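S.K.: Provided below: work_26.pdb, containing PDB, C-alpha atoms.
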ATOM      1  CA  MET D   1      48.109  48.127   5.857
ATOM      2  CA  ALA D   2      46.446  48.438   2.432
ATOM      3  CA  PHE D   3      49.410  50.401   1.108
ATOM      4  CA  SER D   4      51.806  47.718   2.352
ATOM      5  CA  PHE D   5      49.765  44.977   0.670
ATOM      6  CA  LEU D   6      49.578  46.867  -2.625
ATOM      7  CA  SER D   7      53.286  47.637  -2.593
ATOM      8  CA  ARG D   8      54.075  43.932  -2.213
ATOM      9  CA  LEU D   9      51.908  43.152  -5.243
ATOM     10  CA  PHE D  10      54.283  45.192  -7.388
ATOM     11  CA  GLU D  11      57.443  43.694  -5.948
ATOM     12  CA  LYS D  12      59.391  41.451  -8.279
ATOM     13  CA  GLU D  13      60.579  38.037  -7.054
ATOM     14  CA  LEU D  14      64.118  36.762  -7.424
ATOM     15  CA  VAL D  15      65.345  33.240  -6.768
ATOM     16  CA  VAL D  16      68.754  33.544  -5.132
ATOM     17  CA  VAL D  17      71.289  30.804  -4.429
ATOM     18  CA  SER D  18      73.729  31.784  -1.690
ATOM     19  CA  GLY D  19      76.152  30.543   0.934
ATOM     20  CA  LEU D  20      79.829  30.642   1.765
ATOM     21  CA  PRO D  21      82.354  29.909  -0.998
ATOM     22  CA  ARG D  22      82.703  26.174  -1.763
ATOM     23  CA  SER D  23      79.391  25.342  -0.078
ATOM     24  CA  GLY D  24      77.635  23.833  -3.099
ATOM     25  CA  THR D  25      76.097  26.932  -4.661
ATOM     26  CA  SER D  26      77.154  26.004  -8.214
ATOM     27  CA  MET D  27      75.612  22.554  -7.846
ATOM     28  CA  MET D  28      72.362  24.093  -6.603
ATOM     29  CA  MET D  29      72.310  26.433  -9.596
ATOM     30  CA  LYS D  30      72.681  23.439 -11.908
ATOM     31  CA  MET D  31      69.889  21.639 -10.040
ATOM     32  CA  LEU D  32      67.550  24.586 -10.534
ATOM     33  CA  GLU D  33      68.468  24.788 -14.211
ATOM     34  CA  ALA D  34      67.696  21.070 -14.607
ATOM     35  CA  GLY D  35      64.438  21.601 -12.760
ATOM     36  CA  GLY D  36      63.296  24.314 -15.143
ATOM     37  CA  ILE D  37      64.535  27.627 -13.710
ATOM     38  CA  PRO D  38      67.038  29.244 -16.091
ATOM     39  CA  PRO D  39      70.210  30.679 -14.531
ATOM     40  CA  LEU D  40      71.336  34.257 -14.870
ATOM     41  CA  GLN D  41      74.965  33.809 -15.884
ATOM     42  CA  ASP D  42      77.493  35.359 -18.237
ATOM     43  CA  ASN D  43      79.912  32.413 -18.691
ATOM     44  CA  ILE D  44      82.900  34.672 -18.036
ATOM     45  CA  ARG D  45      84.191  32.234 -15.427
ATOM     46  CA  THR D  46      84.343  28.893 -17.194
ATOM     47  CA  ALA D  47      84.291  25.349 -15.809
ATOM     48  CA  ASP D  48      87.568  23.992 -14.423
ATOM     49  CA  GLU D  49      88.839  21.189 -12.212
ATOM     50  CA  ASP D  50      87.329  22.772  -9.102
ATOM     51  CA  ASN D  51      83.893  23.184 -10.688
ATOM     52  CA  PRO D  52      83.830  20.833 -13.697
ATOM     53  CA  LYS D  53      80.139  21.514 -14.337
ATOM     54  CA  GLY D  54      80.472  25.293 -14.278
ATOM     55  CA  TYR D  55      80.316  28.183 -11.814
ATOM     56  CA  TYR D  56      76.987  29.733 -12.893
ATOM     57  CA  GLU D  57      78.203  33.226 -12.045
ATOM     58  CA  PHE D  58      77.093  36.670 -13.173
ATOM     59  CA  GLU D  59      79.930  39.146 -12.722
ATOM     60  CA  ARG D  60      77.771  42.247 -12.291
ATOM     61  CA  VAL D  61      76.466  40.805  -9.022
ATOM     62  CA  LYS D  62      79.861  41.637  -7.533
ATOM     63  CA  LYS D  63      79.200  45.354  -8.104
ATOM     64  CA  LEU D  64      76.295  45.490  -5.645
ATOM     65  CA  PRO D  65      75.027  47.865  -4.356
ATOM     66  CA  ASN D  66      76.350  50.276  -6.994
ATOM     67  CA  ASP D  67      74.988  48.325  -9.941
ATOM     68  CA  THR D  68      71.416  47.029  -9.658
ATOM     69  CA  ALA D  69      70.352  47.709 -13.261
ATOM     70  CA  TRP D  70      70.697  44.005 -14.082
ATOM     71  CA  MET D  71      68.119  42.920 -11.499
ATOM     72  CA  PRO D  72      64.983  43.083 -13.713
ATOM     73  CA  GLU D  73      66.762  40.611 -15.998
ATOM     74  CA  ALA D  74      67.016  38.182 -13.069
ATOM     75  CA  VAL D  75      63.252  37.980 -12.528
ATOM     76  CA  GLY D  76      62.090  34.464 -13.395
ATOM     77  CA  LYS D  77      65.636  33.159 -13.251
ATOM     78  CA  ALA D  78      68.030  31.949 -10.552
ATOM     79  CA  VAL D  79      71.034  34.070  -9.634
ATOM     80  CA  LYS D  80      74.017  33.118  -7.509
ATOM     81  CA  ILE D  81      75.049  35.698  -4.894
ATOM     82  CA  ILE D  82      77.669  34.985  -2.236
ATOM     83  CA  ALA D  83      76.482  35.323   1.338
ATOM     84  CA  LEU D  84      78.121  38.628   2.206
ATOM     85  CA  LEU D  85      76.647  40.378  -0.852
ATOM     86  CA  LEU D  86      73.096  39.559   0.230
ATOM     87  CA  THR D  87      73.341  42.534   2.564
ATOM     88  CA  LYS D  88      73.882  44.784  -0.480
ATOM     89  CA  LEU D  89      70.609  43.908  -2.211
ATOM     90  CA  PRO D  90      67.902  46.614  -2.336
ATOM     91  CA  LEU D  91      65.244  46.158   0.345
ATOM     92  CA  LYS D  92      62.443  47.717  -1.695
ATOM     93  CA  GLY D  93      60.948  46.687  -5.018
ATOM     94  CA  TYR D  94      61.974  43.047  -4.782
ATOM     95  CA  ARG D  95      61.247  39.900  -2.801
ATOM     96  CA  TYR D  96      63.934  37.253  -2.532
ATOM     97  CA  LYS D  97      63.554  33.510  -2.185
ATOM     98  CA  VAL D  98      66.977  32.456  -0.953
ATOM     99  CA  LEU D  99      68.283  28.908  -1.092
ATOM    100  CA  PHE D 100      71.107  29.190   1.434
ATOM    101  CA  MET D 101      73.693  26.418   1.266
ATOM    102  CA  ARG D 102      75.203  25.199   4.525
ATOM    103  CA  ARG D 103      78.212  22.873   4.593
ATOM    104  CA  ASP D 104      80.555  21.478   7.210
ATOM    105  CA  ILE D 105      83.077  24.273   7.798
ATOM    106  CA  GLU D 106      86.062  21.903   7.725
ATOM    107  CA  GLU D 107      85.010  20.676   4.298
ATOM    108  CA  ILE D 108      84.717  24.261   3.085
ATOM    109  CA  MET D 109      88.225  24.967   4.326
ATOM    110  CA  LYS D 110      89.625  21.845   2.680
ATOM    111  CA  SER D 111      87.913  22.600  -0.625
ATOM    112  CA  GLN D 112      89.087  26.212  -0.547
ATOM    113  CA  LYS D 113      92.683  25.142   0.082
ATOM    114  CA  GLN D 114      92.628  22.642  -2.775
ATOM    115  CA  MET D 115      91.361  25.334  -5.126
ATOM    116  CA  LEU D 116      94.124  27.744  -4.065
ATOM    117  CA  ILE D 117      96.769  25.042  -4.480
ATOM    118  CA  ARG D 118      95.581  24.267  -8.011
ATOM    119  CA  ARG D 119      95.809  27.969  -8.820
ATOM    120  CA  GLY D 120      99.319  28.191  -7.414
ATOM    121  CA  GLU D 121      98.260  30.588  -4.660
ATOM    122  CA  ALA D 122      99.520  30.623  -1.071
ATOM    123  CA  VAL D 123      97.416  28.751   1.460
ATOM    124  CA  ASP D 124      99.205  29.831   4.629
ATOM    125  CA  LYS D 125      98.427  33.562   4.647
ATOM    126  CA  ILE D 126      95.851  33.000   7.371
ATOM    127  CA  SER D 127      95.455  30.133   9.813
ATOM    128  CA  ASP D 128      92.536  27.731   9.662
ATOM    129  CA  GLU D 129      91.331  29.012  13.040
ATOM    130  CA  GLU D 130      91.317  32.619  11.832
ATOM    131  CA  MET D 131      89.517  31.674   8.626
ATOM    132  CA  ILE D 132      86.861  29.706  10.493
ATOM    133  CA  THR D 133      86.349  32.650  12.859
ATOM    134  CA  THR D 134      85.989  34.990   9.872
ATOM    135  CA  TYR D 135      83.522  32.703   8.102
ATOM    136  CA  ASN D 136      81.415  32.266  11.234
ATOM    137  CA  ARG D 137      81.346  36.016  11.814
ATOM    138  CA  HIS D 138      80.239  36.601   8.228
ATOM    139  CA  LEU D 139      77.523  33.992   8.598
ATOM    140  CA  SER D 140      76.248  35.514  11.813
ATOM    141  CA  GLU D 141      76.074  38.984  10.256
ATOM    142  CA  VAL D 142      74.332  37.788   7.099
ATOM    143  CA  LEU D 143      71.813  35.543   8.838
ATOM    144  CA  GLY D 144      70.925  38.335  11.254
ATOM    145  CA  PHE D 145      70.369  40.660   8.301
ATOM    146  CA  LEU D 146      68.121  38.154   6.508
ATOM    147  CA  GLU D 147      66.046  37.568   9.625
ATOM    148  CA  ALA D 148      65.591  41.299  10.176
ATOM    149  CA  ASN D 149      64.279  42.044   6.670
ATOM    150  CA  SER D 150      60.930  40.660   5.583
ATOM    151  CA  CYS D 151      61.723  40.842   1.854
ATOM    152  CA  PHE D 152      63.832  37.703   2.306
ATOM    153  CA  SER D 153      62.431  34.182   2.573
ATOM    154  CA  VAL D 154      65.176  31.674   3.328
ATOM    155  CA  PHE D 155      65.406  27.910   2.972
ATOM    156  CA  PHE D 156      68.575  26.348   4.348
ATOM    157  CA  VAL D 157      69.965  23.416   2.372
ATOM    158  CA  ASN D 158      72.534  21.225   4.092
ATOM    159  CA  TYR D 159      75.056  20.259   1.395
ATOM    160  CA  ASN D 160      76.269  17.214   3.305
ATOM    161  CA  ASP D 161      72.735  15.855   3.717
ATOM    162  CA  LEU D 162      71.835  16.738   0.134
ATOM    163  CA  MET D 163      74.759  14.693  -1.177
ATOM    164  CA  ARG D 164      73.660  11.722   0.924
ATOM    165  CA  ASP D 165      69.957  11.863   0.112
ATOM    166  CA  PRO D 166      68.987  14.183  -2.769
ATOM    167  CA  ALA D 167      65.573  12.522  -3.126
ATOM    168  CA  ASP D 168      64.637  13.865   0.311
ATOM    169  CA  TRP D 169      65.690  17.434  -0.433
ATOM    170  CA  VAL D 170      64.546  18.002  -4.010
ATOM    171  CA  PRO D 171      60.764  18.125  -3.376
ATOM    172  CA  ARG D 172      61.324  20.389  -0.383
ATOM    173  CA  ILE D 173      63.313  22.816  -2.524
ATOM    174  CA  ALA D 174      60.565  22.888  -5.155
ATOM    175  CA  ALA D 175      57.902  23.396  -2.473
ATOM    176  CA  PHE D 176      59.811  26.348  -1.009
ATOM    177  CA  LEU D 177      60.092  27.971  -4.429
ATOM    178  CA  GLY D 178      56.422  27.260  -5.136
ATOM    179  CA  LYS D 179      57.148  26.049  -8.651
ATOM    180  CA  GLU D 180      56.396  22.990 -10.753
ATOM    181  CA  MET D 181      59.845  21.507 -11.358
ATOM    182  CA  ASP D 182      61.413  18.408 -12.874
ATOM    183  CA  LEU D 183      62.315  16.689  -9.621
ATOM    184  CA  GLU D 184      63.997  13.684 -11.209
ATOM    185  CA  ALA D 185      66.246  15.888 -13.341
ATOM    186  CA  MET D 186      67.190  17.879 -10.256
ATOM    187  CA  ARG D 187      68.015  14.753  -8.291
ATOM    188  CA  ALA D 188      70.170  13.433 -11.141
ATOM    189  CA  VAL D 189      72.424  16.505 -10.961
ATOM    190  CA  VAL D 190      73.765  15.450  -7.547
ATOM    191  CA  ASP D 191      76.977  13.603  -8.399
ATOM    192  CA  PRO D 192      78.687  11.808  -5.477
ATOM    193  CA  ASN D 193      81.898  11.706  -7.517
ATOM    194  CA  LEU D 194      82.189  15.475  -7.092
ATOM    195  CA  TYR D 195      81.970  15.216  -3.301
ATOM    196  CA  ARG D 196      85.739  15.246  -3.020
ATOM    197  CA  ASN D 197      86.574  17.204   0.139
ATOM    198  CA  ARG D 198      84.875  15.355   2.931
ATOM    199  CA  GLY D 199      85.259  16.320   6.555
TER     200      GLY D 199
END
So, in terms of structure tokens, how does the structure I just supplied come out?
M.R.:
Amino acid sequence: MAFSFLSRLFEKELVVVSGLPRSGTSMMMKMLEAGGIPPLQDNIRTADEDNPKGYYEFERVKKLPNDTAWMPEAVGKAVKIIALLLTKLPLKGYRYKVLFMRRDIEEIMKSQKQMLIRRGEAVDKISDEEMITTYNRHLSEVLGFLEANSCFSVFFVNYNDLMRDPADWVPRIAAFLGKEMDLEAMRAVVDPNLYRNRG
């Protein structure tokens, strides 16, 4: 018991923003930045019509689990990691506070299609039903993994509700993170004009 307690004292804490693609993770990263938590990002993927306020990505995240050397740099910052890659994070040496974005699956599909169309990519390679099944399977696997590993603390943020009432969600997010944050600046980030793919 004492060994377990001491080992946790030396664990480093990471703030992680996660969820399925097009679920509001970039907006949450911007909210945290406005609130006072700097993002870990490399600006390789620049803002565009799909994410006019930026993607807030860090490319080396995509090399998990083979590349974890960047993780000490993420301590004290917020890092965006897509849902499926959460299962690739090391289970020792770190604790993770995960803000997990949930969004209506039909809106995710619509947003994803619009992004592919703007990029000139095919949108009919897989049916909507197959994609929804795949997404739900991924979610089930990831959420089961998070629940089974005590190094993860998870707070689910409903994107649809957040867009409707950011003032309700912002203090709850700050309370989960256990940090003094600029709540008004966070609330101001939520832009209804960017809620373009409604279910």
S.K.: Please evaluate the PyMOL selection byres ((chain D and resi 60-65) around 12) against the displayed coordinates and give the resulting residues as a PyMOL selection string.
M.R.: chain D and resi 16+18+40-44+56-59+66-71+73-74+79-91
S.K.: Could you write out that same residue set with C-alpha atoms as a PDB file, keeping the file's coordinate frame?
M.R.:
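Final output, saved to selection35.pdb:
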ATOM      1  CA  VAL D  16      68.754  33.544  -5.132  1.00  0.00           C
ATOM      2  CA  SER D  18      73.729  31.784  -1.690  1.00  0.00           C
ATOM      3  CA  LEU D  40      71.336  34.257 -14.870  1.00  0.00           C
ATOM      4  CA  GLN D  41      74.965  33.809 -15.884  1.00  0.00           C
ATOM      5  CA  ASP D  42      77.493  35.359 -18.237  1.00  0.00           C
ATOM      6  CA  ASN D  43      79.912  32.413 -18.691  1.00  0.00           C
ATOM      7  CA  ILE D  44      82.900  34.672 -18.036  1.00  0.00           C
ATOM      8  CA  TYR D  56      76.987  29.733 -12.893  1.00  0.00           C
ATOM      9  CA  GLU D  57      78.203  33.226 -12.045  1.00  0.00           C
ATOM     10  CA  PHE D  58      77.093  36.670 -13.173  1.00  0.00           C
ATOM     11  CA  GLU D  59      79.930  39.146 -12.722  1.00  0.00           C
ATOM     12  CA  ASN D  66      76.350  50.276  -6.994  1.00  0.00           C
ATOM     13  CA  ASP D  67      74.988  48.325  -9.941  1.00  0.00           C
ATOM     14  CA  THR D  68      71.416  47.029  -9.658  1.00  0.00           C
ATOM     15  CA  ALA D  69      70.352  47.709 -13.261  1.00  0.00           C
ATOM     16  CA  TRP D  70      70.697  44.005 -14.082  1.00  0.00           C
ATOM     17  CA  MET D  71      68.119  42.920 -11.499  1.00  0.00           C
ATOM     18  CA  GLU D  73      66.762  40.611 -15.998  1.00  0.00           C
ATOM     19  CA  ALA D  74      67.016  38.182 -13.069  1.00  0.00           C
ATOM     20  CA  VAL D  79      71.034  34.070  -9.634  1.00  0.00           C
ATOM     21  CA  LYS D  80      74.017  33.118  -7.509  1.00  0.00           C
ATOM     22  CA  ILE D  81      75.049  35.698  -4.894  1.00  0.00           C
ATOM     23  CA  ILE D  82      77.669  34.985  -2.236  1.00  0.00           C
ATOM     24  CA  ALA D  83      76.482  35.323   1.338  1.00  0.00           C
ATOM     25  CA  LEU D  84      78.121  38.628   2.206  1.00  0.00           C
ATOM     26  CA  LEU D  85      76.647  40.378  -0.852  1.00  0.00           C
ATOM     27  CA  LEU D  86      73.096  39.559   0.230  1.00  0.00           C
ATOM     28  CA  THR D  87      73.341  42.534   2.564  1.00  0.00           C
ATOM     29  CA  LYS D  88      73.882  44.784  -0.480  1.00  0.00           C
ATOM     30  CA  LEU D  89      70.609  43.908  -2.211  1.00  0.00           C
ATOM     31  CA  PRO D  90      67.902  46.614  -2.336  1.00  0.00           C
ATOM     32  CA  LEU D  91      65.244  46.158   0.345  1.00  0.00           C
TER      33      LEU D  91
END
S.K.: What separation in Å, quoted to one decimal, exists between CA of Ser153 in chain D and CA of Val98 in chain D?
M.R.: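 Between CA of Ser153 in chain D and CA of Val98 in chain D the gap is 6.0 Å.
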S.K.: Which is closer to Pro52 in chain D than all the others in D:Lys125, D:Ala185, D:Leu14, D:Asp191, using all atoms listed in the file?
M.R.: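 Going through D:Lys125, D:Ala185, D:Leu14, D:Asp191 one by one, the smallest distance to Pro52 in chain D is for D:Asp191.
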S.K.: By how many Å are CA of Asp104 in chain D and CA of Thr25 in chain D apart?
M.R.: 13.8 Å
S.K.: Tell me which residues the PyMOL selection byres ((chain D and resi 95) around 10) grabs here, as a PyMOL selection string.
M.R.: chain D and resi 8+10-15+90-94+96-98+150-153
S.K.: Can you measure CA of Pro38 in chain D to CA of Phe145 in chain D for me? One decimal in Å is fine.
M.R.: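 Taking CA of Pro38 in chain D and CA of Phe145 in chain D, their separation equals 27.1 Å.
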S.K.: Would you mind listing what lies within 7 Å of Gly35 in chain D as a PyMOL selection string, with all atoms listed in the file counted and same-chain residues fewer than 2 positions away left out?
M.R.: chain D and resi 31-33+37+181-183+185-186
S.K.: Which residue, D:Arg45, D:Lys53, D:Arg164, D:Lys77, has the smallest gap to Leu177 in chain D when you use all atoms listed in the file?
M.R.: D:Lys77
S.K.: Go through D:Ala78, D:Leu99, D:Leu139, D:Ala175 and flag the residue nearest Gly24 in chain D, using only C-alpha atoms for the distances.
M.R.: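 Checking each candidate against Gly24 in chain D, we get D:Leu99 as the closest.
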S.K.: Nearest to Leu20 in chain D: which of D:Ala34, D:Val154, D:Val142, D:Val75 is it, counting all atoms listed in the file?
M.R.: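 Counting all atoms listed in the file, the residue closest to Leu20 in chain D is D:Val142.
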S.K.: Of the candidates D:Ser140, D:Glu107, D:Val190, D:Ile126, which one gets nearest to Leu162 in chain D if we count only C-alpha atoms?
M.R.: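 Going through D:Ser140, D:Glu107, D:Val190, D:Ile126 one by one, the smallest distance to Leu162 in chain D is for D:Val190.
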S.K.: Name the residues that the PyMOL selection byres ((chain D and resi 23) around 8) pulls out of this structure, and write them as a compact mmCIF listing (two decimals) with C-alpha atoms, in the frame of the given file.
M.R.:
# COMPACT_ATOMS: atom_id res chain seq x y z
CA GLY D 19 76.15 30.54 0.93
CA LEU D 20 79.83 30.64 1.76
CA PRO D 21 82.35 29.91 -1.00
CA ARG D 22 82.70 26.17 -1.76
CA GLY D 24 77.64 23.83 -3.10
CA THR D 25 76.10 26.93 -4.66
CA MET D 101 73.69 26.42 1.27
CA ARG D 102 75.20 25.20 4.53
CA ARG D 103 78.21 22.87 4.59
CA ILE D 108 84.72 24.26 3.08
CA TYR D 159 75.06 20.26 1.40
S.K.: In terms of the shortest atom-to-atom distance over only C-alpha atoms, which of D:Gly144, D:Gly76, D:Gly178, D:Pro39 is closest to Met27 in chain D?
M.R.: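 Among the listed residues, the smallest separation from Met27 in chain D belongs to D:Pro39.
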